[in-house]
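Presented below is the structure to which this report refers.
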Amino acid sequence: MATEKYIAIASIALYTMFAAEMITLFNFMIQATEATFFRDPAAKVLQFISISVAPGLVLTGTSFMLARKFGSKQVGSIIIVGGIVLLVGMLYTSIMLEQLDSKFRVFTVDITPPLFMAVSVPIMIFGARLFKIKKRPKKYF
């Protein structure tokens with residue numbers, strides 16, 4: 001496997017980690033009875049964004065930039081799977097959003113699932129673009 005394939009696989013792992021973190025956080029906020037124990041949900045959401053999905057987006061972009069010269073269908077499909085993982089995870093999180101108590105519904109918590117559902121669509125489009133790129137012949141000096 002080439003480097004871009006490993007980088008794309010790492011981005012899938014980061015998207016999966018972000019979806020799992022958000023589902024776990026929302027599940028905790030649904031079951032929390034004491035609001036003083038968990039004071040700032042916005043800070044936790046921003047922490048999860050900076051730990052997992054932001055580096056995942058960078059890795060996806062890096063993988064696309066490495067594979068765009070030669071048009072790899074395998075890397076394109078891995079990038080599309082990463083977008084699907086992010087979309088499904090945020091779709092499930094947005095369903096859980098309706099069950100949250102009003103004291104946990106701050107702007108950051110409300111905007112994160114729809115924002116990353118919207119971000120997952122261009123990820124899948126960039127993955128699909130790798131299917132259309134024709135492989136260039138190797139130039140020998």
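Starting from 1 in every chain, residues are counted up; chains themselves are A, B, ... following the order of the structure tokens, and ligands are numbered from 1 as listed.
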Which of chain A counts as alpha helix (DSSP H) under DSSP, as a PyMOL selection string please? chain A and resi 3-31+41-48+54-67+73-97+107-132
Write the residues of the selection above to a file with C-alpha atoms, as a tab-separated table (two decimals), in the first residue's frame.
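Result file follows (out-v2.tsv):
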```
chain	number	residue	atom	x	y	z
A	3	THR	CA	1.31	6.26	1.80
A	4	GLU	CA	-1.93	7.91	0.68
A	5	LYS	CA	-3.88	4.74	1.42
A	6	TYR	CA	-2.56	4.55	4.97
A	7	ILE	CA	-3.33	8.23	5.48
A	8	ALA	CA	-6.90	7.73	4.22
A	9	ILE	CA	-7.36	4.76	6.57
A	10	ALA	CA	-6.13	6.90	9.47
A	11	SER	CA	-8.71	9.55	8.56
A	12	ILE	CA	-11.48	6.91	8.73
A	13	ALA	CA	-10.24	5.96	12.18
A	14	LEU	CA	-10.36	9.60	13.30
A	15	TYR	CA	-13.88	10.08	11.91
A	16	THR	CA	-15.00	6.93	13.71
A	17	MET	CA	-13.38	8.16	16.91
A	18	PHE	CA	-15.18	11.52	16.60
A	19	ALA	CA	-18.56	9.89	16.04
A	20	ALA	CA	-17.99	7.57	19.01
A	21	GLU	CA	-16.90	10.46	21.23
A	22	MET	CA	-19.93	12.53	20.32
A	23	ILE	CA	-22.33	9.62	20.83
A	24	THR	CA	-20.75	8.87	24.20
A	25	LEU	CA	-20.89	12.53	25.25
A	26	PHE	CA	-24.52	12.92	24.21
A	27	ASN	CA	-25.43	9.65	25.90
A	28	PHE	CA	-23.78	10.89	29.09
A	29	MET	CA	-25.63	14.21	28.89
A	30	ILE	CA	-28.95	12.41	28.37
A	31	GLN	CA	-28.38	10.24	31.46
A	41	PRO	CA	-20.56	20.82	27.24
A	42	ALA	CA	-19.35	23.30	24.61
A	43	ALA	CA	-15.76	22.99	25.77
A	44	LYS	CA	-15.92	19.21	25.60
A	45	VAL	CA	-17.38	19.29	22.08
A	46	LEU	CA	-14.67	21.69	20.90
A	47	GLN	CA	-12.05	19.44	22.50
A	48	PHE	CA	-13.39	16.43	20.60
A	54	ALA	CA	-9.96	18.36	12.48
A	55	PRO	CA	-6.90	16.11	12.06
A	56	GLY	CA	-9.11	13.68	10.14
A	57	LEU	CA	-10.00	16.42	7.66
A	58	VAL	CA	-6.33	17.31	7.27
A	59	LEU	CA	-5.45	13.65	6.65
A	60	THR	CA	-8.25	13.33	4.09
A	61	GLY	CA	-7.00	16.40	2.27
A	62	THR	CA	-3.43	15.11	2.35
A	63	SER	CA	-4.51	11.74	1.00
A	64	PHE	CA	-6.48	13.40	-1.79
A	65	MET	CA	-3.58	15.66	-2.73
A	66	LEU	CA	-1.18	12.70	-2.89
A	67	ALA	CA	-3.56	10.57	-4.97
A	73	LYS	CA	-9.97	4.31	-7.09
A	74	GLN	CA	-8.96	2.57	-3.88
A	75	VAL	CA	-8.06	5.83	-2.13
A	76	GLY	CA	-11.23	7.42	-3.49
A	77	SER	CA	-13.36	4.64	-2.05
A	78	ILE	CA	-11.58	4.90	1.31
A	79	ILE	CA	-12.26	8.66	1.39
A	80	ILE	CA	-15.92	8.07	0.49
A	81	VAL	CA	-16.22	5.52	3.31
A	82	GLY	CA	-14.77	8.10	5.70
A	83	GLY	CA	-17.42	10.61	4.62
A	84	ILE	CA	-20.14	8.01	5.09
A	85	VAL	CA	-18.86	7.15	8.58
A	86	LEU	CA	-18.92	10.83	9.55
A	87	LEU	CA	-22.38	11.33	8.03
A	88	VAL	CA	-23.94	8.32	9.76
A	89	GLY	CA	-22.32	9.17	13.10
A	90	MET	CA	-23.54	12.76	13.00
A	91	LEU	CA	-26.99	11.65	11.84
A	92	TYR	CA	-27.28	9.42	14.90
A	93	THR	CA	-25.95	12.23	17.10
A	94	SER	CA	-28.52	14.65	15.72
A	95	ILE	CA	-31.26	12.17	16.63
A	96	MET	CA	-29.86	12.05	20.17
A	97	LEU	CA	-29.80	15.86	20.26
A	107	PHE	CA	-24.98	26.70	20.48
A	108	THR	CA	-21.89	24.53	20.03
A	109	VAL	CA	-23.75	21.35	20.94
A	110	ASP	CA	-26.66	22.25	18.65
A	111	ILE	CA	-24.57	23.20	15.61
A	112	THR	CA	-21.98	20.40	15.64
A	113	PRO	CA	-24.03	17.49	14.18
A	114	PRO	CA	-25.53	19.45	11.25
A	115	LEU	CA	-22.21	21.16	10.58
A	116	PHE	CA	-20.30	17.92	10.23
A	117	MET	CA	-23.13	16.31	8.26
A	118	ALA	CA	-22.62	19.15	5.80
A	119	VAL	CA	-18.84	18.67	5.90
A	120	SER	CA	-19.18	14.95	5.09
A	121	VAL	CA	-20.77	15.67	1.71
A	122	PRO	CA	-17.70	17.45	0.22
A	123	ILE	CA	-15.52	14.68	1.64
A	124	MET	CA	-17.50	12.14	-0.38
A	125	ILE	CA	-17.40	14.39	-3.45
A	126	PHE	CA	-13.61	14.65	-3.27
A	127	GLY	CA	-13.41	10.88	-2.92
A	128	ALA	CA	-15.61	10.46	-5.99
A	129	ARG	CA	-13.40	12.87	-7.95
A	130	LEU	CA	-10.55	10.40	-7.65
A	131	PHE	CA	-12.59	7.91	-9.70
A	132	LYS	CA	-12.71	10.30	-12.67
```
Next on the checklist: Can you tell me which residues surround Lys134 of chain A at a distance of at most 12 Å, considering only C-alpha atoms, apart from same-chain residues fewer than 6 positions away, and format the answer as a list in words?
Outcome noted: Ala67, Arg68, Lys69, Phe70, Gly71, Ser72 and Lys73 of chain A
With N, CA and C atoms kept, could you save the residues just selected as a CSV table (one decimal), in the first residue's frame?
```
chain,number,residue,atom,x,y,z
A,67,ALA,N,-3.0,11.5,-4.0
A,67,ALA,CA,-3.6,10.6,-5.0
A,67,ALA,C,-4.1,11.2,-6.2
A,68,ARG,N,-4.2,12.6,-6.2
A,68,ARG,CA,-4.9,13.2,-7.3
A,68,ARG,C,-4.1,13.2,-8.6
A,69,LYS,N,-2.8,13.0,-8.5
A,69,LYS,CA,-2.0,13.0,-9.8
A,69,LYS,C,-2.2,11.7,-10.6
A,70,PHE,N,-2.5,10.6,-9.8
A,70,PHE,CA,-2.6,9.3,-10.5
A,70,PHE,C,-4.0,8.8,-10.5
A,71,GLY,N,-5.0,9.4,-9.7
A,71,GLY,CA,-6.3,8.9,-9.7
A,71,GLY,C,-6.5,7.5,-9.2
A,72,SER,N,-6.4,7.3,-7.9
A,72,SER,CA,-6.6,6.0,-7.3
A,72,SER,C,-8.0,5.7,-6.9
A,73,LYS,N,-8.6,4.7,-7.5
A,73,LYS,CA,-10.0,4.3,-7.1
A,73,LYS,C,-10.0,3.8,-5.7
```
**Asked** Quick one: distance from atom CA of Arg39 of chain A to atom CA of Ile51 of chain A in Å, one decimal?
**Response**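 Rounded to one decimal, the two atoms are 20.0 Å apart.
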